[in-house]
Structure formats: structure tokens, C-alpha cells
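Below: one structure, written as C-alpha cells.
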Amino acid sequence: MSEAATSLPQDGGDEQTRLRKAICRISALAYERGFTSGSEGNISAKLTDGTLLITPTALMKGFLQPHHIAHVDMQGRVVDGGPSPSSEVGIHFVAYEERSDVRAVCHAHPPHAVAMTVAGIDMQMPIIPEAVVSIGGIPTAPFGIPGTPDLGETIREIVRCSDTMVMKNHGSVTLGTNLIDAYKKLDMLEHTAHILWLAHTARGGLEPLPPEDVKRLLDTRRELGFTNLNTLENRCGL
Ligand code: 13P
């Protein structure tokens, strides 16, 4: 996929100005697409100096302006006297701690993906070819209490082997090399979950693709140059 399709248009300005605007755009998009409601969700991007820009706690994420975005160091201290960060900054810290390749994290509450975890349906099952090739399996992380510092620990193990996951009964976490990459995985995760939900409802169960087709899809993913970590190629103890 070309760089043009994996990064936001450059608006000019310094890195922080660009990323503040980009977080607001992705936040608004996630809200408009129904991936969050009210004040749900949080999005972050890592700056080259190692500090973090992250959505503020408790504001409606569909209507953010660049000055609403919090700026924190990796200990969670606000560095510029600005807004307080998300109460779930811990999940973002864990992603950046475990993965030096990650530069952006999106947390949302996409309804079909969350419904699948409420119903206890495994979204790692390889069923939709496009999802197998581009995002791989979608593992479920154990339940944690939203808005608490401990929430991050529930995803630590899965983050080591997957860019895409859903915290049980709560919401998705997607990791990217930039904001649009993390958002793309959120978009695909919910689209896949929606299809699986419809199929499950219509049929009363889901059936994986035969192993030989899964193998051909995983070969195709390598040939197409997809390198993002995923639990179909690395089960990571799951
Ligand atoms: P924050 O507004 O503190 O980021 O919390 C939003 C959320 O998604 C809670 O689950």
C-alpha cells in the first residue's frame, strides 16, 4: 500500500501541531462512524522526543479542537500545563513500552466487535479473507475495569504479538506506525466483526475457512508485504 494511503495529508506546521490536528480528525471520524459515543474512546500519538499526545479525559471525542489534546511524558505527567489525559492512558503506555515500532494507538467501543466479546465469540477464527490478509486474527483480552490504571496490564501480553485486539465487554485497541494505520485497523476490525455478527445471527454459528485456504491467505499476506504482528501467525500463548 502506498504511503499516500497510509498517512494523513500533511497540513504543514511542526510535528506537534500536525499530530494534534490529526488526532482531532481521527477522533471525529471514529465518532461519526459510530465507533464511539458520548465521551468514549481515546487516541494517542508518540512524538519524536518520546512524549505523548493523547485525547483528554471525559470530553466528547467527536468535537475536539487541537488545544484540547493533552501532552504527557511517559510517566503520565502533563508537560505543558494543558488538559488532563485520558483515564486510560495506561493502555497507551503499555503499547508504546512493549512495541518500539508503534507510533499511534486508537481505543474505541465499536459495537459489533464489543458485542462479539460479550457473546463470547472468538474473532481469531479465520473466516474473512481480507481480514486474514491485512489484520490477521482479532484476539480478545481479559476483562479489566475501564478508566483504571490497571487496565493496561490486561493487554500487555497480547500487544506483544498483535496490532489488533478487543478488551472483553469493553472496546478495541489498535496499534499503528502512524494514526491512519491505527485507525485503518479499527475500521477493518469493526467491519469484520459486523459481518461475523450478521453471519452468526443468520446461521447460529461460525465456521473457519479450511486450513489449506488459511495457509494460502497467509502466504499471500507475506507476498503482499504485510508485516504487522497478528495472532494467526504467532499465537502468543493464546
Ligand atoms: P477517557 O475519556 O478518560 O479517555 O475514557 C473514555 C473511555 O473510553 C472509557 O472506557
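Naming scheme: A, B, ... for chains in displayed order of the C-alpha cells; residues 1 onward per chain; ligands 1 onward as shown.
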* What do you get as number ranges by chain if you pick all residues at most 8 Å from ligand 1, counting only C-alpha atoms and all ligand atoms? -> A: 36, 39-42, 55-61, 85-89, 107-109, 146-147, 170-171
* **For Arg160 (chain A), the nearest of the candidates A:Leu198, A:Ile135, A:Ile128, A:Leu229, counting only C-alpha atoms** => A:Leu229
* Please provide as a VMD selection string all residues within 12 Å of Leu217 (chain A), with the sequence filter that same-chain residues fewer than 4 positions apart are discarded (counting only C-alpha atoms). => chain A and resid 126 to 136 209 to 213 221 to 224 226 232 to 233
Would you write out those residues with N, CA and C atoms, as a compact mmCIF listing (two decimals), in the first residue's frame?
# COMPACT_ATOMS: atom_id res chain seq x y z
N PRO A 126 -10.22 -17.70 11.47
CA PRO A 126 -10.00 -17.13 10.13
C PRO A 126 -11.20 -17.40 9.22
N ILE A 127 -11.96 -16.36 8.89
CA ILE A 127 -13.18 -16.53 8.10
C ILE A 127 -13.22 -15.56 6.90
N ILE A 128 -12.89 -14.30 7.15
CA ILE A 128 -12.98 -13.29 6.10
C ILE A 128 -11.59 -13.09 5.49
N PRO A 129 -11.40 -13.44 4.19
CA PRO A 129 -10.05 -13.43 3.62
C PRO A 129 -9.33 -12.09 3.75
N GLU A 130 -10.05 -11.00 3.49
CA GLU A 130 -9.41 -9.67 3.56
C GLU A 130 -8.86 -9.40 4.96
N ALA A 131 -9.62 -9.82 5.99
CA ALA A 131 -9.16 -9.60 7.37
C ALA A 131 -7.95 -10.48 7.68
N VAL A 132 -7.99 -11.73 7.20
CA VAL A 132 -6.85 -12.64 7.45
C VAL A 132 -5.58 -12.04 6.85
N VAL A 133 -5.69 -11.52 5.62
CA VAL A 133 -4.50 -10.99 4.93
C VAL A 133 -4.03 -9.69 5.59
N SER A 134 -4.95 -8.78 5.88
CA SER A 134 -4.45 -7.46 6.30
C SER A 134 -4.35 -7.26 7.80
N ILE A 135 -5.23 -7.86 8.61
CA ILE A 135 -5.05 -7.66 10.06
C ILE A 135 -4.80 -8.96 10.82
N GLY A 136 -5.07 -10.09 10.20
CA GLY A 136 -4.86 -11.37 10.89
C GLY A 136 -6.00 -11.65 11.86
N LEU A 209 -12.47 -20.91 7.65
CA LEU A 209 -12.05 -21.39 6.33
C LEU A 209 -11.23 -22.67 6.51
N PRO A 210 -11.22 -23.56 5.52
CA PRO A 210 -10.39 -24.77 5.63
C PRO A 210 -8.90 -24.39 5.79
N PRO A 211 -8.12 -25.21 6.53
CA PRO A 211 -6.71 -24.89 6.80
C PRO A 211 -5.90 -24.59 5.54
N GLU A 212 -6.20 -25.30 4.42
CA GLU A 212 -5.39 -25.06 3.21
C GLU A 212 -5.64 -23.65 2.65
N ASP A 213 -6.87 -23.14 2.79
CA ASP A 213 -7.17 -21.78 2.33
C ASP A 213 -6.50 -20.76 3.26
N ARG A 221 -0.45 -12.93 2.26
CA ARG A 221 -0.15 -11.75 3.10
C ARG A 221 1.35 -11.45 3.08
N ARG A 222 2.17 -12.51 3.12
CA ARG A 222 3.63 -12.29 3.08
C ARG A 222 4.05 -11.75 1.71
N GLU A 223 3.46 -12.35 0.64
CA GLU A 223 3.81 -11.88 -0.71
C GLU A 223 3.42 -10.43 -0.92
N LEU A 224 2.32 -10.00 -0.30
CA LEU A 224 1.87 -8.62 -0.45
C LEU A 224 2.63 -7.66 0.47
N PHE A 226 2.58 -7.59 3.93
CA PHE A 226 2.00 -7.25 5.24
C PHE A 226 2.89 -7.82 6.35
N LEU A 232 -2.65 -14.94 14.03
CA LEU A 232 -2.80 -16.11 13.16
C LEU A 232 -1.44 -16.71 12.84
N GLU A 233 -0.41 -15.84 12.84
CA GLU A 233 0.94 -16.34 12.56
C GLU A 233 1.73 -16.61 13.85
* Counting only C-alpha atoms, figure out which residue out of A:Ile145, A:Val102, A:Ile138, A:Met123 gets nearest to Leu186 (chain A). =>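 Among A:Ile145, A:Val102, A:Ile138, A:Met123, it is A:Ile138 that comes nearest to Leu186 (chain A).
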* **Secondary structure check, alpha helix (DSSP H) residues of chain A, as an NGL selection string** => :A and (3-6 or 15-32 or 89-98 or 111-118 or 129-134 or 156-159 or 179-203 or 211-223)
